[in-house]
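K.L.:
The structure file start37.cif (mmCIF, C-alpha atoms and all ligand atoms) is provided below.
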data_upload
loop_
_atom_site.label_atom_id
_atom_site.label_comp_id
_atom_site.auth_asym_id
_atom_site.auth_seq_id
_atom_site.Cartn_x
_atom_site.Cartn_y
_atom_site.Cartn_z
CA MET F 1336 -13.25 -4.06 -2.07
CA LEU F 1337 -12.43 -6.51 -4.79
CA SER F 1338 -15.08 -6.68 -7.46
CA LYS F 1339 -13.73 -9.89 -8.94
CA LYS F 1340 -14.43 -13.25 -7.32
CA ILE F 1341 -11.41 -15.45 -6.72
CA VAL F 1342 -12.09 -18.82 -8.32
CA ASP F 1343 -9.99 -21.52 -9.97
CA GLY F 1344 -8.20 -20.12 -13.01
CA CYS F 1345 -7.93 -16.63 -11.52
CA GLU F 1346 -4.59 -14.97 -12.35
CA PHE F 1347 -2.31 -12.92 -10.14
CA VAL F 1348 0.69 -10.96 -11.33
CA VAL F 1349 3.16 -10.39 -8.50
CA PHE F 1350 5.37 -7.49 -9.51
CA ASP F 1351 8.17 -5.32 -8.26
CA LEU F 1352 9.84 -2.17 -9.56
CA GLU F 1353 13.23 -0.60 -9.00
CA TRP F 1354 13.60 3.11 -9.65
CA ASN F 1355 16.35 5.70 -9.67
CA GLN F 1356 16.02 9.01 -7.86
CA PRO F 1357 17.07 12.59 -8.60
CA ILE F 1358 20.54 13.54 -7.33
CA PRO F 1359 20.12 15.92 -4.36
CA GLY F 1360 21.27 19.45 -5.17
CA LYS F 1361 21.25 18.90 -8.92
CA THR F 1362 18.90 21.14 -10.91
CA TYR F 1363 16.54 19.61 -13.44
CA ASP F 1364 14.49 21.44 -16.04
CA PHE F 1365 11.23 20.12 -14.55
CA ASP F 1366 9.66 19.82 -11.11
CA CYS F 1367 11.16 16.68 -9.50
CA SER F 1368 8.04 16.19 -7.38
CA THR F 1369 6.25 15.13 -10.58
CA LEU F 1370 8.74 12.27 -10.93
CA THR F 1371 10.17 11.24 -7.57
CA GLY F 1372 11.62 8.09 -9.13
CA GLU F 1373 12.33 6.91 -12.68
CA ILE F 1374 11.68 3.19 -13.15
CA ILE F 1375 14.79 1.25 -14.20
CA GLU F 1376 13.55 -2.31 -13.75
CA ILE F 1377 10.26 -4.25 -13.87
CA GLY F 1378 10.06 -7.80 -12.58
CA ALA F 1379 6.94 -9.98 -12.38
CA CYS F 1380 5.66 -13.53 -11.91
CA ARG F 1381 2.30 -14.65 -13.19
CA TYR F 1382 0.39 -17.12 -11.00
CA VAL F 1383 -2.79 -19.02 -11.58
CA TYR F 1384 -4.98 -19.95 -8.61
CA ASN F 1385 -6.13 -23.55 -8.54
CA ASN F 1386 -7.95 -25.23 -5.65
CA GLY F 1387 -6.06 -23.56 -2.79
CA ASP F 1388 -2.75 -23.47 -4.62
CA LEU F 1389 -0.87 -20.82 -6.54
CA VAL F 1390 1.06 -22.09 -9.53
CA CYS F 1391 3.73 -19.91 -11.14
CA GLN F 1392 3.33 -19.88 -14.90
CA ALA F 1393 5.82 -17.35 -16.21
CA VAL F 1394 8.35 -14.71 -15.21
CA TYR F 1395 8.78 -11.26 -16.76
CA SER F 1396 11.93 -9.21 -16.46
CA ALA F 1397 12.89 -5.91 -18.09
CA ASP F 1398 15.76 -3.50 -17.57
CA ILE F 1399 14.91 0.05 -18.53
CA VAL F 1400 17.26 2.78 -19.74
CA PRO F 1401 16.41 5.94 -17.78
CA VAL F 1402 16.20 9.21 -19.71
CA VAL F 1403 16.02 11.83 -16.94
CA TYR F 1404 17.79 10.34 -13.90
CA THR F 1405 20.70 8.82 -15.79
CA ARG F 1406 23.16 8.74 -12.89
CA LEU F 1407 22.50 6.39 -10.00
CA HIS F 1408 21.52 8.02 -6.74
CA TYR F 1409 23.98 6.73 -4.09
CA HIS F 1410 21.21 5.13 -2.07
CA VAL F 1411 19.83 3.28 -5.12
CA ARG F 1412 23.39 2.18 -6.00
CA LYS F 1413 23.88 0.83 -2.50
CA VAL F 1414 20.56 -1.01 -2.33
CA THR F 1415 20.40 -2.45 -5.85
CA HIS F 1416 24.15 -3.13 -6.35
CA LYS F 1417 23.87 -1.57 -9.80
CA LYS F 1418 26.59 0.48 -11.52
CA ASN F 1419 26.06 3.61 -13.62
CA SER F 1420 27.09 1.65 -16.71
CA ASP F 1421 24.24 -0.84 -16.04
CA LEU F 1422 21.74 1.94 -16.78
CA LYS F 1423 22.79 1.94 -20.44
CA ASN F 1424 21.59 -1.62 -20.99
CA GLY F 1425 17.88 -2.09 -21.40
CA GLN F 1426 14.75 -0.98 -23.19
CA PRO F 1427 12.89 2.30 -23.30
CA PHE F 1428 10.23 2.52 -20.56
CA ALA F 1429 7.33 2.54 -23.05
CA GLU F 1430 8.52 -0.72 -24.59
CA ALA F 1431 9.09 -2.44 -21.22
CA TYR F 1432 5.66 -1.32 -19.99
CA LYS F 1433 4.00 -2.64 -23.15
CA GLY F 1434 5.71 -5.99 -22.60
CA PHE F 1435 4.59 -5.99 -18.96
CA ARG F 1436 0.94 -5.28 -19.89
CA GLU F 1437 0.96 -8.08 -22.45
CA PHE F 1438 2.46 -10.36 -19.80
CA CYS F 1439 -0.33 -9.41 -17.33
CA GLY F 1440 -3.14 -10.22 -19.76
CA PRO F 1441 -6.63 -8.74 -19.46
CA ASP F 1442 -7.88 -10.10 -16.11
CA ALA F 1443 -5.05 -10.50 -13.63
CA ILE F 1444 -4.96 -9.00 -10.16
CA LEU F 1445 -1.71 -7.12 -9.46
CA VAL F 1446 0.10 -8.04 -6.26
CA GLY F 1447 2.96 -6.13 -4.67
CA TRP F 1448 4.83 -5.73 -1.40
CA GLY F 1449 3.84 -2.37 0.11
CA ASN F 1450 1.72 0.11 -1.80
CA SER F 1451 4.39 2.29 -3.41
CA ASP F 1452 4.85 0.36 -6.67
CA PRO F 1453 1.45 1.05 -8.30
CA ALA F 1454 1.76 4.73 -7.37
CA MET F 1455 5.29 4.89 -8.84
CA LEU F 1456 4.16 3.13 -12.00
CA LYS F 1457 1.29 5.59 -12.45
CA MET F 1458 3.61 8.54 -11.82
CA ASN F 1459 6.01 7.35 -14.55
CA LEU F 1460 3.17 6.74 -17.00
CA LYS F 1461 1.83 10.22 -16.42
CA PHE F 1462 5.25 11.88 -16.61
CA PHE F 1463 6.06 10.21 -19.94
CA GLY F 1464 2.68 11.11 -21.44
CA MET F 1465 1.16 7.62 -21.34
CA ASP F 1466 -2.24 6.52 -20.03
CA PRO F 1467 -1.80 6.30 -16.23
CA LYS F 1468 -4.86 4.07 -15.77
CA LEU F 1469 -3.86 0.55 -14.73
CA GLU F 1470 -7.40 -0.87 -14.95
CA MET F 1471 -6.41 -3.72 -12.65
CA GLN F 1472 -7.11 -4.42 -9.01
CA PHE F 1473 -4.12 -4.19 -6.70
CA LEU F 1474 -3.37 -6.23 -3.60
CA ASP F 1475 -0.70 -5.20 -1.09
CA LEU F 1476 0.59 -8.51 0.26
CA GLN F 1477 2.50 -6.97 3.17
CA PRO F 1478 -0.45 -6.52 5.58
CA ILE F 1479 -1.86 -9.90 4.46
CA PHE F 1480 1.43 -11.54 5.44
CA SER F 1481 1.50 -9.72 8.79
CA PHE F 1482 -2.08 -10.78 9.46
CA PHE F 1483 -1.50 -14.49 8.80
CA ALA F 1484 1.94 -14.52 10.41
CA GLY F 1485 0.39 -13.29 13.66
CA GLN F 1486 2.23 -9.98 13.41
CA LYS F 1487 -0.82 -7.85 12.77
CA GLY F 1488 -0.21 -4.19 12.08
CA LYS F 1489 3.56 -4.63 11.76
CA GLN F 1490 5.42 -3.75 8.61
CA ARG F 1491 7.86 -6.38 7.50
CA SER F 1492 10.31 -6.56 4.63
CA VAL F 1493 10.04 -9.21 1.92
CA GLU F 1494 13.23 -10.70 3.33
CA ALA F 1495 11.69 -11.04 6.81
CA ALA F 1496 8.70 -12.85 5.26
CA VAL F 1497 11.06 -15.11 3.29
CA ASP F 1498 12.84 -15.96 6.56
CA PHE F 1499 9.52 -16.51 8.34
CA TYR F 1500 8.56 -19.27 5.89
CA ASN F 1501 12.12 -20.62 5.52
CA ILE F 1502 12.08 -19.96 1.81
CA GLU F 1503 15.40 -20.74 0.16
CA LYS F 1504 17.40 -17.58 -0.70
CA LYS F 1505 18.88 -18.14 -4.11
CA ASP F 1506 19.14 -14.57 -5.40
CA ILE F 1507 20.06 -11.22 -3.93
CA PHE F 1508 17.22 -9.01 -2.76
CA HIS F 1509 16.40 -5.65 -4.36
CA SER F 1510 16.45 -6.70 -7.95
CA ALA F 1511 12.91 -6.31 -9.30
CA THR F 1512 12.73 -9.84 -10.67
CA SER F 1513 14.10 -11.58 -7.59
CA ASP F 1514 11.93 -9.48 -5.25
CA ALA F 1515 8.85 -10.33 -7.35
CA GLN F 1516 9.80 -14.02 -7.16
CA TYR F 1517 10.37 -13.84 -3.40
CA THR F 1518 7.05 -12.02 -2.94
CA GLY F 1519 5.37 -14.71 -5.07
CA ALA F 1520 6.97 -17.44 -2.95
CA VAL F 1521 5.61 -15.75 0.21
CA PHE F 1522 2.16 -15.58 -1.44
CA GLU F 1523 2.34 -19.33 -2.16
CA GLU F 1524 3.30 -20.04 1.47
CA ILE F 1525 0.42 -17.93 2.81
CA PHE F 1526 -1.99 -20.18 0.90
CA ARG F 1527 -0.10 -23.31 1.95
CA HIS F 1528 -0.16 -22.51 5.69
CA ASN F 1529 -3.73 -21.19 5.99
CA LYS F 1530 -7.26 -22.05 5.02
CA PRO F 1531 -7.66 -20.97 1.38
CA SER F 1532 -11.14 -19.60 2.09
CA GLU F 1533 -9.70 -17.35 4.82
CA VAL F 1534 -6.87 -16.16 2.58
CA ILE F 1535 -9.35 -15.41 -0.20
CA SER F 1536 -11.57 -13.48 2.17
CA ALA F 1537 -8.60 -11.39 3.37
CA ILE F 1538 -7.47 -10.76 -0.20
CA SER F 1539 -10.95 -9.77 -1.31
CA SER F 1540 -11.41 -7.26 1.48
CA SER F 1541 -7.96 -5.72 0.96
CA SER F 1542 -7.67 -5.27 -2.79
CA ILE F 1543 -8.02 -1.75 -4.10
CA ASP F 1544 -8.55 -0.05 -7.43
CA PRO F 1545 -5.31 1.91 -7.92
CA ASP F 1546 -7.05 4.20 -10.44
CA ILE F 1547 -9.50 5.49 -7.83
CA LYS F 1548 -8.40 7.85 -5.13
CA SER F 1549 -8.68 5.78 -1.97
CA GLU F 1550 -7.61 8.26 0.68
CA PHE F 1551 -9.08 11.66 1.50
CA SER F 1552 -7.75 14.09 4.06
CA LEU F 1553 -8.83 17.28 5.71
CA VAL F 1554 -7.17 19.75 8.04
CA GLY F 1555 -9.92 21.22 10.20
CA ASN F 1556 -10.36 24.78 11.41
CA GLU F 1557 -8.90 25.93 14.70
CA SER F 1558 -10.66 25.77 18.03
CA GLN F 1559 -9.94 26.73 21.65
CA ASN F 1560 -9.87 23.09 22.72
CA ALA F 1561 -9.45 19.55 21.44
CA GLU F 1562 -13.16 18.66 21.66
CA GLY F 1563 -14.07 21.74 19.63
CA ALA F 1564 -11.43 20.89 17.02
CA LEU F 1565 -12.93 17.41 16.59
CA LYS F 1566 -16.47 18.86 16.28
CA LEU F 1567 -15.28 21.00 13.37
CA ILE F 1568 -14.45 17.94 11.27
CA ASP F 1569 -17.72 16.10 12.00
CA GLY F 1570 -19.14 17.20 8.67
CA PHE F 1571 -16.20 15.73 6.77
CA LEU F 1572 -16.68 12.44 8.63
CA SER F 1573 -20.41 12.22 7.97
CA VAL F 1574 -20.55 11.74 4.18
CA CYS F 1575 -18.84 9.40 1.73
CA PRO F 1576 -15.98 11.32 0.08
CA VAL F 1577 -16.75 9.67 -3.27
CA CYS F 1578 -20.54 9.87 -3.62
CA GLY F 1579 -21.63 12.20 -0.83
CA LYS F 1580 -24.13 9.74 0.69
CA ASN F 1581 -24.49 9.72 4.48
CA LEU F 1582 -22.09 7.32 6.17
CA LYS F 1583 -23.29 4.73 8.64
CA ALA F 1584 -21.11 4.15 11.71
CA GLU F 1585 -20.01 0.51 11.97
CA ILE F 1586 -17.72 1.33 14.90
CA GLY F 1587 -18.70 4.78 16.13
CA LYS F 1588 -16.16 7.52 16.79
CA PHE F 1589 -14.05 7.07 19.90
CA ARG F 1590 -10.95 8.84 21.12
CA ILE F 1591 -7.71 7.57 22.60
CA ARG F 1592 -5.37 10.34 23.69
CA LYS F 1593 -4.80 12.55 20.63
CA SER F 1594 -6.41 10.27 18.05
CA GLN F 1595 -10.04 9.66 17.16
CA TYR F 1596 -10.95 6.51 15.25
CA ALA F 1597 -14.07 5.16 13.54
CA LEU F 1598 -15.17 2.68 10.94
CA PHE F 1599 -17.95 3.86 8.63
CA SER F 1600 -19.74 2.35 5.68
CA CYS F 1601 -21.26 3.70 2.50
CA THR F 1602 -23.97 1.55 0.90
CA GLU F 1603 -22.25 1.99 -2.45
CA HIS F 1604 -18.54 2.16 -1.60
CA GLY F 1605 -18.18 -0.23 1.32
CA GLU F 1606 -16.29 0.28 4.55
CA ILE F 1607 -14.32 3.43 5.23
CA PHE F 1608 -11.72 3.85 7.95
CA SER F 1609 -11.26 7.18 9.67
CA ARG F 1610 -8.64 8.60 11.93
CA ALA F 1611 -8.28 12.16 13.15
CA ARG F 1612 -5.35 13.52 15.11
CA ILE F 1613 -5.59 16.51 17.38
CA LYS F 1614 -2.76 18.98 16.86
CA LYS F 1615 -1.79 22.37 18.21
CA ASN F 1616 -0.54 25.24 16.07
CA LYS F 1617 2.03 27.86 17.03
CA ASN F 1618 -0.69 30.15 18.38
CA GLY F 1619 -1.69 27.48 20.86
CA MET F 1620 -4.95 26.74 19.02
CA PHE F 1621 -6.19 23.21 18.47
CA TYR F 1622 -7.08 21.70 15.11
CA ALA F 1623 -7.77 18.19 13.82
CA SER F 1624 -6.10 16.51 10.90
CA ALA F 1625 -8.36 13.80 9.53
CA VAL F 1626 -8.16 11.03 6.99
CA LEU F 1627 -10.88 8.86 5.44
CA ARG F 1628 -9.87 5.84 3.37
CA PHE F 1629 -11.32 2.66 1.96
CA ALA F 1630 -10.67 0.18 4.73
CA THR F 1631 -8.11 -2.57 4.20
CA GLN F 1632 -7.39 -5.59 6.40
CA THR F 1633 -4.80 -3.54 8.34
CA ASP F 1634 -7.37 -0.81 8.99
CA TYR F 1635 -9.96 -3.28 10.33
CA TYR F 1636 -7.37 -4.68 12.67
CA LEU F 1637 -6.20 -1.25 13.77
CA VAL F 1638 -9.66 0.11 14.53
CA ALA F 1639 -10.76 -3.12 16.26
CA SER F 1640 -7.68 -3.24 18.48
CA LYS F 1641 -7.98 0.46 19.34
CA LYS F 1642 -11.66 -0.06 20.21
CA GLU F 1643 -10.68 -2.92 22.49
CA GLU F 1644 -8.11 -0.64 24.16
CA PHE F 1645 -10.72 2.10 24.51
CA ASP F 1646 -13.32 -0.25 26.01
CA LYS F 1647 -10.77 -1.41 28.57
CA TYR F 1648 -8.96 1.81 29.46
CA GLY F 1649 -11.11 4.66 28.14
CA SER F 1650 -9.78 7.72 26.36
CA ASN F 1651 -6.46 7.69 28.22
CA GLY F 1652 -5.61 4.43 26.50
CA ALA F 1653 -3.48 1.60 27.81
CA PRO F 1654 -0.70 2.57 30.26
CA ALA F 1655 2.53 3.33 28.38
CA GLU F 1656 4.24 -0.03 28.88
CA GLN F 1657 1.20 -1.82 27.46
CA THR F 1658 0.80 0.19 24.30
CA GLU F 1659 1.83 -1.57 21.17
CA ASP F 1660 4.79 -0.79 19.03
CA LYS F 1661 4.76 2.95 18.32
CA ASN F 1662 5.88 2.25 14.75
CA GLU F 1663 2.51 0.79 14.03
CA GLU F 1664 0.79 4.12 14.40
CA SER F 1665 3.27 6.11 12.36
CA ASN F 1666 3.40 3.49 9.62
CA THR F 1667 -0.26 3.08 9.00
CA LEU F 1668 -1.45 6.62 8.41
ZN ZN F 1701 -20.09 6.29 -1.39
#
Output the structure of this file as structure tokens.
Ligand SMILES: [Zn+2]
P.N.:
Amino acid sequence: MLSKKIVDGCEFVVFDLEWNQPIPGKTYDFDCSTLTGEIIEIGACRYVYNNGDLVCQAVYSADIVPVVYTRLHYHVRKVTHKKNSDLKNGQPFAEAYKGFREFCGPDAILVGWGNSDPAMLKMNLKFFGMDPKLEMQFLDLQPIFSFFAGQKGKQRSVEAAVDFYNIEKKDIFHSATSDAQYTGAVFEEIFRHNKPSEVISAISSSSIDPDIKSEFSLVGNESQNAEGALKLIDGFLSVCPVCGKNLKAEIGKFRIRKSQYALFSCTEHGEIFSRARIKKNKNGMFYASAVLRFATQTDYYLVASKKEEFDKYGSNGAPAEQTEDKNEESNTL
């Protein structure tokens, strides 16, 4: 939940990162899982909110010279249209990040498309020995767009959102600065096409603190049957993973096929989404794999639509042809 109230004068920094990846098969003198991508570009637009409108104030753009992944991964080359020689032009990461922080100012809310950018930024900060705390709220605009575009629960690219609002395409996609500008343009359109109070309410309930762990998972012990496997994770689902207080059920646990859903709340930490999947191991025993996370707009929609399905069809769920896009389920966990 967003702690800051959105009022006139509130600032948003819409940002995007491009990063290079390790070359498969190449050996590095460190564990690549500690740096799955090295940032090579930061792009951002700063907006100020004023009476239902977002006004772009400034644009930030920095190319970064990588120091560990100095050759472009073929996929990154293909997507970003960069050449190896381009990686020699730019600033050191520390300098570009300093410039970005100054650009953000002390009070802005970070906005991105998808939730991978803040995680990648924090990973780079940690890897290069800098303070990984962002100390800013983060808003993933992708589910907000899907919600207001009537495509709830679907994941869409920035380009699809740009097409949806007929935004003029002046630059190529997949450069950090142009993607940040396109994302900003989509953000402007969301405000333009909807009631500002509704947009603000969606934003407020979907912003997260990227410095706090927001997702907790547990793999339960084995049981002879599915019901037993779910019972074994009841303890995990009964207390807040942050403070340990008892959770209150807002939408009590219910099961559709192999998944159990619920929406809980902690008096201190707000609403928490839960999903558990029943799985079978190679010995034929059942176990449940569960996740608890601070609920976002997408999670509210997911649990509400699943509850509707459950109330109508019971634990077998809707007949196959009526179930929604399978991608939705795999994308949202
Ligand atoms: Zn709590």
K.L.:
Could you give me, as a tab-separated table, a per-residue list for chain F showing, wherever an atom lies at most 12 Å from an atom of ligand ZN 1701 (chain F), the closest pair of atoms and their distance in Å to one decimal, using only C-alpha atoms and all ligand atoms and sorting by chain then residue number from low to high?
P.N.:
residue	atom	partner	partner_atom	distance
F:Ser1549	CA	F:ZN1701	ZN	11.4
F:Ser1573	CA	F:ZN1701	ZN	11.1
F:Val1574	CA	F:ZN1701	ZN	7.8
F:Cys1575	CA	F:ZN1701	ZN	4.6
F:Pro1576	CA	F:ZN1701	ZN	6.7
F:Val1577	CA	F:ZN1701	ZN	5.1
F:Cys1578	CA	F:ZN1701	ZN	4.2
F:Gly1579	CA	F:ZN1701	ZN	6.1
F:Lys1580	CA	F:ZN1701	ZN	5.7
F:Asn1581	CA	F:ZN1701	ZN	8.1
F:Leu1582	CA	F:ZN1701	ZN	7.9
F:Lys1583	CA	F:ZN1701	ZN	10.6
F:Phe1599	CA	F:ZN1701	ZN	10.5
F:Ser1600	CA	F:ZN1701	ZN	8.1
F:Cys1601	CA	F:ZN1701	ZN	4.8
F:Thr1602	CA	F:ZN1701	ZN	6.5
F:Glu1603	CA	F:ZN1701	ZN	4.9
F:His1604	CA	F:ZN1701	ZN	4.4
F:Gly1605	CA	F:ZN1701	ZN	7.3
F:Glu1606	CA	F:ZN1701	ZN	9.3
F:Ile1607	CA	F:ZN1701	ZN	9.2
F:Leu1627	CA	F:ZN1701	ZN	11.8
F:Arg1628	CA	F:ZN1701	ZN	11.3
F:Phe1629	CA	F:ZN1701	ZN	10.1
K.L.:
Which neighbours of Gly1447 (chain F) fall inside 7 Å, counting all atoms listed in the file, when residues of the same chain fewer than 5 positions from it are skipped, and could you give them as a PyMOL selection string?
P.N.:
chain F and resi 1349-1351+1474-1476
K.L.:
With a distance cut-off of 10 Å and all atoms listed in the file, select the neighbouring residues of Lys1588 (chain F), excluding the residue or stretch itself and same-chain residues fewer than 6 positions from it, and output the selection as an NGL selection string.
P.N.:
:F and (1569 or 1572 or 1595-1599 or 1609-1611 or 1642)
K.L.:
Rounded to one decimal in Å, what is the spacing between CA of Ile1358 (chain F) and CA of Trp1448 (chain F)?
P.N.:
25.6 Å
K.L.:
Quick one: distance from CA of Val1383 (chain F) to CA of Asp1343 (chain F) in Å, one decimal?
P.N.:
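Between these atoms lies a distance of 7.8 Å.
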K.L.:
Which one of F:Trp1354, F:Cys1380, F:Ser1513, F:Lys1457 sits closest to His1408 (chain F) if you count all atoms listed in the file?
P.N.:
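Result for the nearest residue to His1408 (chain F): F:Trp1354.
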